[in-house]
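Below: the structure, in structure tokens.
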Amino acid sequence: MKNSKLYYNFFLITLLLNQKSITAQSNAVLLNFAVNMYNIDRFNISEQYGTYLYGTGFNIGFAFEKHILKSTSVMLGFEFSNRKYDNTIWKLENAVEDNYISFPISINYYLIKNFAIQVGIQFDHLIFKQKFIYYKDAPNDQISGYTKYDIGLNTGLRFQFYNFELNGTFNLGLRNIYCLKYLDPVTGDLLDDFVKSHLFKFGISYLFK
């Protein structure tokens with residue numbers, strides 16, 4: 001226990017003494033590639049329809065990082081995001097894959113040289129197609145069950161090695177991207193369902209400094 005406290009105090013003192021030498025990443029353009037795990041959480045729906053959908057996809061894009069303070073930078077990004085998930089509710093066409101254009105904006109704080117924590121917000125817009133279709137009141141009254149965009153909070157870690165970087169990010173969706181409340185004409189059940197999403201992303205980047 002004493003050794004653990006000693007190591008912790010040594011690390012803290014070293015970190016504080018090195019603050020003068022810590023600088024945020026110089027202005028750079030990053031080319032990004034990542035593997036993602038996409039999750040859709042369904043709430044207030046019967047278990048027989050399934051409550052948890054998930055799958056893997058990929059992200060590819062670029063970002064620009066701007067040094068604003070000694071240990072802080074801001075990053076603006078643009079990404080194409082392919083997101084897949086298993087469909088355990090209905091067997092609808094195109095129900096297991098979505099494509100988004102994403103615009104992440106983040107603040108990066110460098111704890112030590114080449115290692116930073118990241119906090120920001122991300123805007124997502126669905127492209128190429130609509131998602132699920134559901135019926136409201138009558139079979140001829142079709143309404144898109146999912147919104148075309150989402151907004152989320154993201155946080156992550158970044159580690160740089162020369163011109164390469166390893167990073168991991170978690171994005172928590174804030175909007176109800178899907179809402180449904182209607183009387184099922186087959187079972188007679190009242191369905192009151194809404195959905196939020198979240199995304200884990202693990203990637204590698206190349207930096208043009």
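Naming scheme: A, B, ... for chains in displayed order of the structure tokens; residues 1 onward per chain; ligands 1 onward as shown.
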Exercise. Would you kindly return, as a PyMOL selection string, each protein, DNA or RNA residue with an atom no farther than 9 Å from any atom of Ile101 in chain A, considering only C-alpha atoms and excluding same-chain residues fewer than 2 positions away?
Key: chain A and resi 78-82+99+103+123-127
(message) To one decimal place in Å, what is the distance between CA of Pro104 in chain A and CA of Phe159 in chain A?
(response)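 Distance reported for this atom pair: 18.2 Å.
Near Tyr162 in chain A, within 10 Å and counting only C-alpha atoms, sit A:Asn114, A:Tyr206, A:Leu207, not including residues fewer than 6 positions from it in the same chain.
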Store the residues picked out above in a file with N, CA and C atoms, as a PDB file, in the first residue's frame.
ATOM      1  N   ASN A 114       2.527  13.962 -26.149  1.00  0.00           N
ATOM      2  CA  ASN A 114       2.029  12.895 -27.033  1.00  0.00           C
ATOM      3  C   ASN A 114       0.879  12.079 -26.450  1.00  0.00           C
ATOM      4  N   TYR A 206      -2.750   9.094 -39.326  1.00  0.00           N
ATOM      5  CA  TYR A 206      -1.451   9.569 -39.795  1.00  0.00           C
ATOM      6  C   TYR A 206      -1.474  11.087 -39.793  1.00  0.00           C
ATOM      7  N   LEU A 207      -0.449  11.701 -39.197  1.00  0.00           N
ATOM      8  CA  LEU A 207      -0.407  13.147 -39.021  1.00  0.00           C
ATOM      9  C   LEU A 207       0.514  13.794 -40.044  1.00  0.00           C
TER      10      LEU A 207
END
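A straight line drawn from CA of Gly61 in chain A to CA of Gly77 in chain A is 7.5 Å long.
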Report as a PyMOL selection string all protein, DNA and RNA residues lying within 8 Å of Lys201 in chain A, evaluated on only C-alpha atoms, omitting residues in the same chain fewer than 6 positions from it.
chain A and resi 34-37+168-170
Those same residues - N, CA and C atoms - I'd like them written as a JSON list (two decimals), in the first residue's frame.
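Output file selection-v9.json follows:
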[["chain", "number", "residue", "atom", "x", "y", "z"],
["A", 34, "ALA", "N", -10.80, 3.93, -38.56],
["A", 34, "ALA", "CA", -11.17, 3.31, -37.29],
["A", 34, "ALA", "C", -12.19, 2.19, -37.52],
["A", 35, "VAL", "N", -12.19, 1.26, -36.60],
["A", 35, "VAL", "CA", -13.23, 0.23, -36.52],
["A", 35, "VAL", "C", -14.19, 0.65, -35.42],
["A", 36, "ASN", "N", -15.50, 0.53, -35.68],
["A", 36, "ASN", "CA", -16.46, 0.96, -34.68],
["A", 36, "ASN", "C", -17.39, -0.19, -34.27],
["A", 37, "MET", "N", -17.94, -0.06, -33.07],
["A", 37, "MET", "CA", -19.01, -0.94, -32.61],
["A", 37, "MET", "C", -20.22, -0.07, -32.32],
["A", 168, "GLY", "N", -8.92, 6.09, -29.14],
["A", 168, "GLY", "CA", -10.18, 5.42, -28.82],
["A", 168, "GLY", "C", -11.20, 6.44, -28.38],
["A", 169, "THR", "N", -12.43, 6.31, -28.87],
["A", 169, "THR", "CA", -13.47, 7.32, -28.62],
["A", 169, "THR", "C", -14.80, 6.64, -28.30],
["A", 170, "PHE", "N", -15.54, 7.23, -27.38],
["A", 170, "PHE", "CA", -16.91, 6.80, -27.09],
["A", 170, "PHE", "C", -17.84, 7.96, -27.38]]
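Nearest residue to Asp41 in chain A, choosing from A:Phe208, A:Phe202, A:Val195, A:Phe164 and counting only C-alpha atoms: A:Val195.
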Measure the distance from CA of Arg158 in chain A to CA of Gly55 in chain A in Å and round it to one decimal.
->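 CA of Arg158 in chain A sits 23.8 Å away from CA of Gly55 in chain A.
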Closest of A:Asn108, A:Leu53, A:Leu31, A:Tyr149 to His67 in chain A - atom-to-atom distances counting only C-alpha atoms: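 Looking at the shortest contact to His67 in chain A, the residue is A:Asn108.
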- Task: With a distance cut-off of 6 Å and only C-alpha atoms, select the neighbouring residues of Ile177 in chain A, excluding the residue or stretch itself and same-chain residues fewer than 2 positions from it, and output the selection as a list of chain:residue names.
- Result: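 Here the answer would be A:Tyr146, A:Thr147, A:Arg175, A:Val195, A:Lys196.
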Give me a file of those residues, with N, CA and C atoms, as a PDB file, in the first residue's frame.
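That gives us selection_16.pdb:
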ATOM      1  N   TYR A 146     -37.172   6.644 -38.184  1.00  0.00           N
ATOM      2  CA  TYR A 146     -35.913   7.165 -37.666  1.00  0.00           C
ATOM      3  C   TYR A 146     -35.639   8.565 -38.201  1.00  0.00           C
ATOM      4  N   THR A 147     -35.008   9.372 -37.377  1.00  0.00           N
ATOM      5  CA  THR A 147     -34.624  10.702 -37.818  1.00  0.00           C
ATOM      6  C   THR A 147     -33.422  10.608 -38.756  1.00  0.00           C
ATOM      7  N   ARG A 175     -30.073  12.381 -28.877  1.00  0.00           N
ATOM      8  CA  ARG A 175     -31.421  12.507 -29.427  1.00  0.00           C
ATOM      9  C   ARG A 175     -32.143  11.165 -29.452  1.00  0.00           C
ATOM     10  N   VAL A 195     -35.601   5.225 -29.117  1.00  0.00           N
ATOM     11  CA  VAL A 195     -34.266   4.670 -29.298  1.00  0.00           C
ATOM     12  C   VAL A 195     -33.204   5.765 -29.174  1.00  0.00           C
ATOM     13  N   LYS A 196     -32.101   5.446 -28.506  1.00  0.00           N
ATOM     14  CA  LYS A 196     -30.882   6.243 -28.528  1.00  0.00           C
ATOM     15  C   LYS A 196     -29.738   5.330 -28.958  1.00  0.00           C
TER      16      LYS A 196
END
- Excluding Val119 in chain A and any residue of its chain fewer than 3 positions from it, enumerate the residues within 6 Å of it, using only C-alpha atoms, and give them as a PyMOL selection string. chain A and resi 106-107+154-155
